[in-house]
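The structure file entry.pdb is reproduced below (PDB, C-alpha atoms).
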```pdb
ATOM      1  CA  MET A 559      15.533 -28.020  23.787
ATOM      2  CA  GLU A 560      12.064 -28.635  25.174
ATOM      3  CA  LEU A 561      13.600 -30.407  28.164
ATOM      4  CA  ASP A 562      15.871 -27.431  28.866
ATOM      5  CA  LEU A 563      12.987 -24.989  28.718
ATOM      6  CA  ASP A 564      10.899 -27.189  30.981
ATOM      7  CA  GLU A 565      13.737 -27.448  33.445
ATOM      8  CA  SER A 566      14.147 -23.693  33.667
ATOM      9  CA  SER A 567      10.385 -23.177  33.977
ATOM     10  CA  LEU A 568      10.248 -25.810  36.671
ATOM     11  CA  ALA A 569      13.112 -24.160  38.559
ATOM     12  CA  ILE A 570      11.492 -20.733  38.339
ATOM     13  CA  GLY A 571       8.212 -22.207  39.587
ATOM     14  CA  ARG A 572      10.012 -23.779  42.532
ATOM     15  CA  ILE A 573      11.728 -20.462  43.335
ATOM     16  CA  GLU A 574       8.412 -18.590  43.201
ATOM     17  CA  ARG A 575       6.754 -21.079  45.535
ATOM     18  CA  ALA A 576       9.699 -21.007  47.961
ATOM     19  CA  LEU A 577       9.644 -17.203  48.014
ATOM     20  CA  SER A 578       5.927 -17.295  48.747
ATOM     21  CA  ARG A 579       6.587 -19.654  51.628
ATOM     22  CA  ILE A 580       9.254 -17.289  53.000
ATOM     23  CA  GLU A 581       6.971 -14.297  52.599
ATOM     24  CA  LYS A 582       4.155 -16.078  54.410
ATOM     25  CA  ALA A 583       6.441 -17.312  57.222
ATOM     26  CA  LEU A 584       7.843 -13.823  57.772
ATOM     27  CA  ALA A 585       4.367 -12.299  57.792
ATOM     28  CA  ASP A 586       3.222 -14.891  60.331
ATOM     29  CA  ARG A 587       6.303 -14.190  62.410
ATOM     30  CA  VAL A 588       5.593 -10.449  62.455
ATOM     31  CA  ASN A 589       2.014 -11.043  63.540
ATOM     32  CA  ARG A 590       2.814 -13.274  66.500
ATOM     33  CA  PRO A 591       4.615 -12.352  69.734
ATOM     34  CA  THR A 592       8.111 -13.812  69.747
ATOM     35  CA  PRO A 593      10.605 -13.895  72.613
ATOM     36  CA  ALA A 594      13.530 -11.602  71.893
ATOM     37  CA  SER A 595      16.095 -14.342  72.445
ATOM     38  CA  ALA A 596      14.220 -17.041  70.547
ATOM     39  CA  THR A 597      16.624 -17.123  67.545
ATOM     40  CA  PRO A 598      20.295 -17.441  68.264
ATOM     41  CA  ALA A 599      22.399 -14.656  66.773
ATOM     42  CA  ALA A 600      24.603 -17.179  64.994
ATOM     43  CA  ASP A 601      21.592 -18.718  63.245
ATOM     44  CA  GLN A 602      20.353 -15.305  62.228
ATOM     45  CA  SER A 603      23.751 -14.415  60.778
ATOM     46  CA  ALA A 604      23.943 -17.700  58.905
ATOM     47  CA  LEU A 605      20.454 -17.157  57.532
ATOM     48  CA  LYS A 606      21.290 -13.642  56.396
ATOM     49  CA  ALA A 607      24.515 -14.871  54.825
ATOM     50  CA  GLU A 608      22.655 -17.583  52.932
ATOM     51  CA  VAL A 609      20.046 -15.079  51.711
ATOM     52  CA  ALA A 610      22.814 -12.732  50.543
ATOM     53  CA  ALA A 611      24.622 -15.620  48.857
ATOM     54  CA  VAL A 612      21.501 -16.770  47.034
ATOM     55  CA  ILE A 613      20.753 -13.228  45.930
ATOM     56  CA  GLY A 614      24.343 -12.874  44.730
ATOM     57  CA  GLU A 615      24.102 -16.159  42.836
ATOM     58  CA  LEU A 616      20.852 -15.051  41.209
ATOM     59  CA  ASP A 617      22.384 -11.725  40.202
ATOM     60  CA  ARG A 618      25.346 -13.531  38.688
ATOM     61  CA  LEU A 619      23.076 -15.906  36.796
ATOM     62  CA  ILE A 620      20.871 -13.098  35.514
ATOM     63  CA  ALA A 621      23.915 -11.119  34.329
ATOM     64  CA  GLU A 622      25.360 -14.177  32.619
ATOM     65  CA  ALA A 623      22.066 -14.964  30.890
ATOM     66  CA  GLY A 624      21.781 -11.327  29.826
ATOM     67  CA  ARG A 625      25.150 -11.559  28.100
ATOM     68  CA  GLY A 626      23.939 -14.627  26.267
TER      69      GLY A 626
ATOM     70  CA  MET B1211      -0.259  20.083 -65.134
ATOM     71  CA  ALA B1212      -3.310  18.295 -66.388
ATOM     72  CA  ASP B1213      -5.859  19.552 -68.892
ATOM     73  CA  VAL B1214      -9.507  18.997 -68.045
ATOM     74  CA  LYS B1215     -12.592  19.683 -70.095
ATOM     75  CA  LEU B1216     -15.576  20.848 -68.047
ATOM     76  CA  THR B1217     -19.129  21.602 -69.088
ATOM     77  CA  ILE B1218     -21.115  23.993 -66.908
ATOM     78  CA  ALA B1219     -24.511  25.405 -67.846
ATOM     79  CA  GLY B1220     -24.111  23.936 -71.317
ATOM     80  CA  ARG B1221     -20.802  25.670 -72.045
ATOM     81  CA  PRO B1222     -17.530  23.760 -72.357
ATOM     82  CA  TYR B1223     -14.424  25.011 -70.529
ATOM     83  CA  ASP B1224     -10.784  23.943 -70.879
ATOM     84  CA  VAL B1225      -9.040  24.301 -67.536
ATOM     85  CA  HIS B1226      -5.726  23.192 -66.063
ATOM     86  CA  CYS B1227      -5.127  21.636 -62.696
ATOM     87  CA  ALA B1228      -2.355  19.881 -60.819
ATOM     88  CA  ASP B1229      -1.756  16.285 -61.710
ATOM     89  CA  GLY B1230      -3.983  14.002 -59.721
ATOM     90  CA  GLU B1231      -6.660  16.617 -59.066
ATOM     91  CA  GLU B1232      -8.625  15.992 -62.259
ATOM     92  CA  ALA B1233     -11.337  13.870 -60.711
ATOM     93  CA  ARG B1234     -11.822  16.335 -57.884
ATOM     94  CA  LEU B1235     -12.134  19.225 -60.328
ATOM     95  CA  ILE B1236     -14.654  17.343 -62.472
ATOM     96  CA  GLN B1237     -16.673  16.553 -59.365
ATOM     97  CA  LEU B1238     -16.758  20.229 -58.298
ATOM     98  CA  ALA B1239     -17.767  21.283 -61.808
ATOM     99  CA  ALA B1240     -20.588  18.768 -61.679
ATOM    100  CA  VAL B1241     -21.829  20.348 -58.434
ATOM    101  CA  VAL B1242     -21.855  23.810 -60.038
ATOM    102  CA  ASP B1243     -23.479  22.472 -63.202
ATOM    103  CA  GLU B1244     -26.179  20.766 -61.147
ATOM    104  CA  LYS B1245     -26.994  24.077 -59.464
ATOM    105  CA  THR B1246     -27.295  25.862 -62.789
ATOM    106  CA  ARG B1247     -29.690  23.175 -64.025
ATOM    107  CA  THR B1248     -32.104  23.949 -61.153
ATOM    108  CA  MET B1249     -32.756  27.342 -62.752
ATOM    109  CA  PRO B1250     -33.810  26.699 -66.333
ATOM    110  CA  GLY B1251     -34.870  29.596 -68.536
ATOM    111  CA  LEU B1252     -32.386  32.084 -67.097
ATOM    112  CA  THR B1253     -29.457  33.479 -69.013
ATOM    113  CA  GLU B1254     -26.171  31.640 -68.578
ATOM    114  CA  VAL B1255     -24.720  34.499 -66.538
ATOM    115  CA  ARG B1256     -27.707  34.514 -64.177
ATOM    116  CA  GLN B1257     -27.573  30.736 -63.848
ATOM    117  CA  LEU B1258     -23.933  30.993 -62.846
ATOM    118  CA  LEU B1259     -24.752  33.933 -60.521
ATOM    119  CA  PHE B1260     -27.503  32.077 -58.713
ATOM    120  CA  ALA B1261     -25.448  28.874 -58.611
ATOM    121  CA  ALA B1262     -22.632  30.858 -56.961
ATOM    122  CA  LEU B1263     -25.105  32.437 -54.498
ATOM    123  CA  MET B1264     -26.648  29.071 -53.616
ATOM    124  CA  LEU B1265     -23.252  27.494 -53.094
ATOM    125  CA  ALA B1266     -22.145  30.461 -50.964
ATOM    126  CA  ASP B1267     -25.301  30.021 -48.891
ATOM    127  CA  GLU B1268     -24.544  26.350 -48.390
ATOM    128  CA  VAL B1269     -20.986  27.156 -47.368
ATOM    129  CA  GLN B1270     -22.197  29.707 -44.815
ATOM    130  CA  GLU B1271     -24.782  27.298 -43.419
ATOM    131  CA  ALA B1272     -22.164  24.593 -43.116
ATOM    132  CA  ARG B1273     -19.862  27.005 -41.265
ATOM    133  CA  GLY B1274     -22.687  27.873 -38.896
ATOM    134  CA  LYS B1275     -23.203  24.209 -38.113
ATOM    135  CA  ILE B1276     -19.496  23.787 -37.467
ATOM    136  CA  ASP B1277     -19.539  26.780 -35.103
ATOM    137  CA  LYS B1278     -22.418  25.215 -33.206
ATOM    138  CA  VAL B1279     -20.721  21.852 -32.997
ATOM    139  CA  GLU B1280     -17.369  23.228 -31.858
ATOM    140  CA  PRO B1281     -18.466  24.146 -28.323
ATOM    141  CA  GLN B1282     -19.863  20.639 -27.936
ATOM    142  CA  SER B1283     -16.611  19.366 -29.285
ATOM    143  CA  ASP B1284     -14.755  21.457 -26.701
ATOM    144  CA  SER B1285     -16.943  19.989 -23.974
ATOM    145  CA  LEU B1286     -16.231  16.518 -25.256
ATOM    146  CA  ARG B1287     -12.517  17.236 -25.339
ATOM    147  CA  ALA B1288     -12.678  18.551 -21.765
ATOM    148  CA  ALA B1289     -14.621  15.472 -20.685
ATOM    149  CA  VAL B1290     -12.092  13.220 -22.351
ATOM    150  CA  ALA B1291      -9.236  15.133 -20.704
ATOM    151  CA  LEU B1292     -10.956  14.854 -17.321
ATOM    152  CA  ALA B1293     -11.551  11.147 -17.828
ATOM    153  CA  GLU B1294      -7.928  10.649 -18.822
ATOM    154  CA  SER B1295      -6.794  12.625 -15.790
ATOM    155  CA  ARG B1296      -8.981  10.547 -13.490
ATOM    156  CA  GLU B1297      -7.772   7.370 -15.115
ATOM    157  CA  ALA B1298      -4.169   8.451 -14.570
ATOM    158  CA  GLN B1299      -4.969   9.322 -10.959
ATOM    159  CA  ALA B1300      -6.675   5.982 -10.433
ATOM    160  CA  ARG B1301      -3.689   4.237 -12.001
ATOM    161  CA  ASP B1302      -1.328   6.098  -9.661
ATOM    162  CA  GLU B1303      -3.483   5.222  -6.660
ATOM    163  CA  LEU B1304      -3.532   1.606  -7.771
ATOM    164  CA  LYS B1305       0.248   1.600  -8.110
ATOM    165  CA  ALA B1306       0.594   3.131  -4.640
ATOM    166  CA  ALA B1307      -1.816   0.543  -3.210
ATOM    167  CA  ILE B1308       0.153  -2.264  -4.848
ATOM    168  CA  ALA B1309       3.385  -0.819  -3.461
ATOM    169  CA  ARG B1310       1.849  -0.644   0.014
ATOM    170  CA  GLU B1311       0.578  -4.179  -0.272
ATOM    171  CA  GLN B1312       3.991  -5.413  -1.392
ATOM    172  CA  ALA B1313       5.666  -3.572   1.483
ATOM    173  CA  ALA B1314       3.181  -5.106   3.909
ATOM    174  CA  LEU B1315       3.857  -8.541   2.441
ATOM    175  CA  ARG B1316       7.588  -8.001   2.809
ATOM    176  CA  GLU B1317       7.079  -6.970   6.432
ATOM    177  CA  LEU B1318       4.881  -9.990   7.017
ATOM    178  CA  GLU B1319       7.474 -12.241   5.437
ATOM    179  CA  ALA B1320      10.199 -10.675   7.576
ATOM    180  CA  ALA B1321       8.041 -11.159  10.669
ATOM    181  CA  ARG B1322       7.455 -14.789   9.732
ATOM    182  CA  GLU B1323      11.162 -15.321   9.250
ATOM    183  CA  ALA B1324      11.836 -13.679  12.595
ATOM    184  CA  VAL B1325       9.312 -15.991  14.238
ATOM    185  CA  ALA B1326      10.736 -18.964  12.417
ATOM    186  CA  VAL B1327      14.187 -18.314  13.813
ATOM    187  CA  PRO B1328      14.669 -20.828  16.609
ATOM    188  CA  PRO B1329      15.122 -19.269  20.008
ATOM    189  CA  ALA B1330      18.576 -19.184  21.439
ATOM    190  CA  ALA B1331      19.434 -22.517  22.861
ATOM    191  CA  ALA B1332      18.869 -22.665  26.561
ATOM    192  CA  ASN B1333      22.114 -22.920  28.418
ATOM    193  CA  PRO B1334      22.165 -26.199  30.373
ATOM    194  CA  ALA B1335      24.612 -24.655  32.840
ATOM    195  CA  HIS B1336      22.094 -21.890  33.557
ATOM    196  CA  ASN B1337      19.367 -24.427  34.100
ATOM    197  CA  ARG B1338      21.512 -26.351  36.535
ATOM    198  CA  ALA B1339      22.411 -23.157  38.388
ATOM    199  CA  LEU B1340      18.741 -22.159  38.465
ATOM    200  CA  LEU B1341      17.763 -25.527  39.909
ATOM    201  CA  GLN B1342      20.481 -25.232  42.566
ATOM    202  CA  ILE B1343      19.237 -21.763  43.488
ATOM    203  CA  ALA B1344      15.690 -23.110  43.691
ATOM    204  CA  GLU B1345      16.899 -25.814  46.078
ATOM    205  CA  ARG B1346      18.750 -23.260  48.210
ATOM    206  CA  ILE B1347      15.726 -20.962  48.400
ATOM    207  CA  GLU B1348      13.522 -23.913  49.292
ATOM    208  CA  THR B1349      15.942 -24.776  52.083
ATOM    209  CA  LEU B1350      15.868 -21.155  53.184
ATOM    210  CA  ALA B1351      12.082 -21.231  53.192
ATOM    211  CA  THR B1352      12.106 -24.305  55.372
ATOM    212  CA  ARG B1353      14.542 -22.672  57.782
ATOM    213  CA  VAL B1354      12.471 -19.482  57.934
ATOM    214  CA  GLU B1355       9.335 -21.513  58.547
ATOM    215  CA  GLN B1356      11.104 -23.334  61.380
ATOM    216  CA  LEU B1357      12.239 -20.133  63.065
ATOM    217  CA  PRO B1358      10.872 -20.012  66.581
TER     218      PRO B1358
END
```

Since I need it in another form, could you write the structure as structure tokens?
Amino acid sequence: MELDLDESSLAIGRIERALSRIEKALADRVNRPTPASATPAADQSALKAEVAAVIGELDRLIAEAGRG
Amino acid sequence: MADVKLTIAGRPYDVHCADGEEARLIQLAAVVDEKTRTMPGLTEVRQLLFAALMLADEVQEARGKIDKVEPQSDSLRAAVALAESREAQARDELKAAIAREQAALRELEAAREAVAVPPAAANPAHNRALLQIAERIETLATRVEQLP
């Protein structure tokens, strides 16, 4: 039981830190001049797809946990 | 009926009374006789007259004392009634306080039981999924940080 709780807390902590890293990277990116063609469109699409997938997975997990 | 011989102011009297009242009658006759003896030298009729007057005076005086005592008695009765009322009120308040305390104890006990209930077991599958999501977001963070 304790191990399970620790695992979930650890995972949430990792998620929070990763989100902070993303937030910081995006803020840095906004504040610095970037060439328009610096990021390939395919990479951007893949990134967006991964973000959407992770969000979808989180939503699914939250809904499942909410149902018990 | 009982026959009783009484002697008042030196004269004997045969009187009748209800059974069991003989002693009381003799005692009353003694009171009257004692009064007549306080007035020696008078005729028998006058002795009896003055004895009757003196006894009537004592009766009236006694009634006056009773009348004076009765208001005090009323006050005492009112005080007793008030005290009883307050005691009943205090008893009711005590009962209500005990009931409240018992209800609070029951609530406390229920709260303790609720706390004592072990939390729902964490779902290992959820933990695994959460860890996988954490890894994916970390990877995403790395990719975002590496964006040119």

Chain and number of each residue from the PyMOL selection byres ((chain A and resi 612) around 10), as JSON, numbers by chain: {"A": [606, 607, 608, 609, 610, 611, 613, 614, 615, 616, 617, 618], "B": [1342, 1343, 1344, 1346, 1347, 1350]}

Picked residues, the PyMOL selection byres ((chain B) within 9 of (chain A)), expected as number ranges by chain: B: 1330-1334, 1336-1358

Could you write those residues out with C-alpha atoms, as an mmCIF file, keeping the file's coordinate frame?
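Below is the file that was written, result_18.cif:
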```
data_model
loop_
_atom_site.group_PDB
_atom_site.id
_atom_site.type_symbol
_atom_site.label_atom_id
_atom_site.label_comp_id
_atom_site.auth_asym_id
_atom_site.auth_seq_id
_atom_site.Cartn_x
_atom_site.Cartn_y
_atom_site.Cartn_z
ATOM 1 C CA ALA B 1330 18.576 -19.184 21.439
ATOM 2 C CA ALA B 1331 19.434 -22.517 22.861
ATOM 3 C CA ALA B 1332 18.869 -22.665 26.561
ATOM 4 C CA ASN B 1333 22.114 -22.920 28.418
ATOM 5 C CA PRO B 1334 22.165 -26.199 30.373
ATOM 6 C CA HIS B 1336 22.094 -21.890 33.557
ATOM 7 C CA ASN B 1337 19.367 -24.427 34.100
ATOM 8 C CA ARG B 1338 21.512 -26.351 36.535
ATOM 9 C CA ALA B 1339 22.411 -23.157 38.388
ATOM 10 C CA LEU B 1340 18.741 -22.159 38.465
ATOM 11 C CA LEU B 1341 17.763 -25.527 39.909
ATOM 12 C CA GLN B 1342 20.481 -25.232 42.566
ATOM 13 C CA ILE B 1343 19.237 -21.763 43.488
ATOM 14 C CA ALA B 1344 15.690 -23.110 43.691
ATOM 15 C CA GLU B 1345 16.899 -25.814 46.078
ATOM 16 C CA ARG B 1346 18.750 -23.260 48.210
ATOM 17 C CA ILE B 1347 15.726 -20.962 48.400
ATOM 18 C CA GLU B 1348 13.522 -23.913 49.292
ATOM 19 C CA THR B 1349 15.942 -24.776 52.083
ATOM 20 C CA LEU B 1350 15.868 -21.155 53.184
ATOM 21 C CA ALA B 1351 12.082 -21.231 53.192
ATOM 22 C CA THR B 1352 12.106 -24.305 55.372
ATOM 23 C CA ARG B 1353 14.542 -22.672 57.782
ATOM 24 C CA VAL B 1354 12.471 -19.482 57.934
ATOM 25 C CA GLU B 1355 9.335 -21.513 58.547
ATOM 26 C CA GLN B 1356 11.104 -23.334 61.380
ATOM 27 C CA LEU B 1357 12.239 -20.133 63.065
ATOM 28 C CA PRO B 1358 10.872 -20.012 66.581
#
```

Residue IDs satisfying the PyMOL selection byres ((chain B and resi 1212-1214) around 8), as a ChimeraX atom specification: /B:1211,1215-1216,1224-1230,1232,1236

I'd like the box whose edges run along x, y and z of the file and which contains every listed atom of range 1266-1275 of chain B, padded by 4 Å per side; could you state its centre and edge lengths in Å, one decimal, as AutoDock Vina command-line options?
```
--center_x -22.6 --center_y 27.3 --center_z -44.5 --size_x 13.4 --size_y 14.3 --size_z 20.9
```

Atom-to-atom span, CA of Met1264 in chain B and CA of Ile1218 in chain B, Å: 15.3 Å

For CA of Gly1220 in chain B and CA of Ala1239 in chain B, the interatomic separation in Å (one decimal):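 So the answer is 11.7 Å.
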
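Atom pair CA of Glu1317 in chain B / CA of Lys1305 in chain B has a distance of 18.2 Å (rounded to one decimal).
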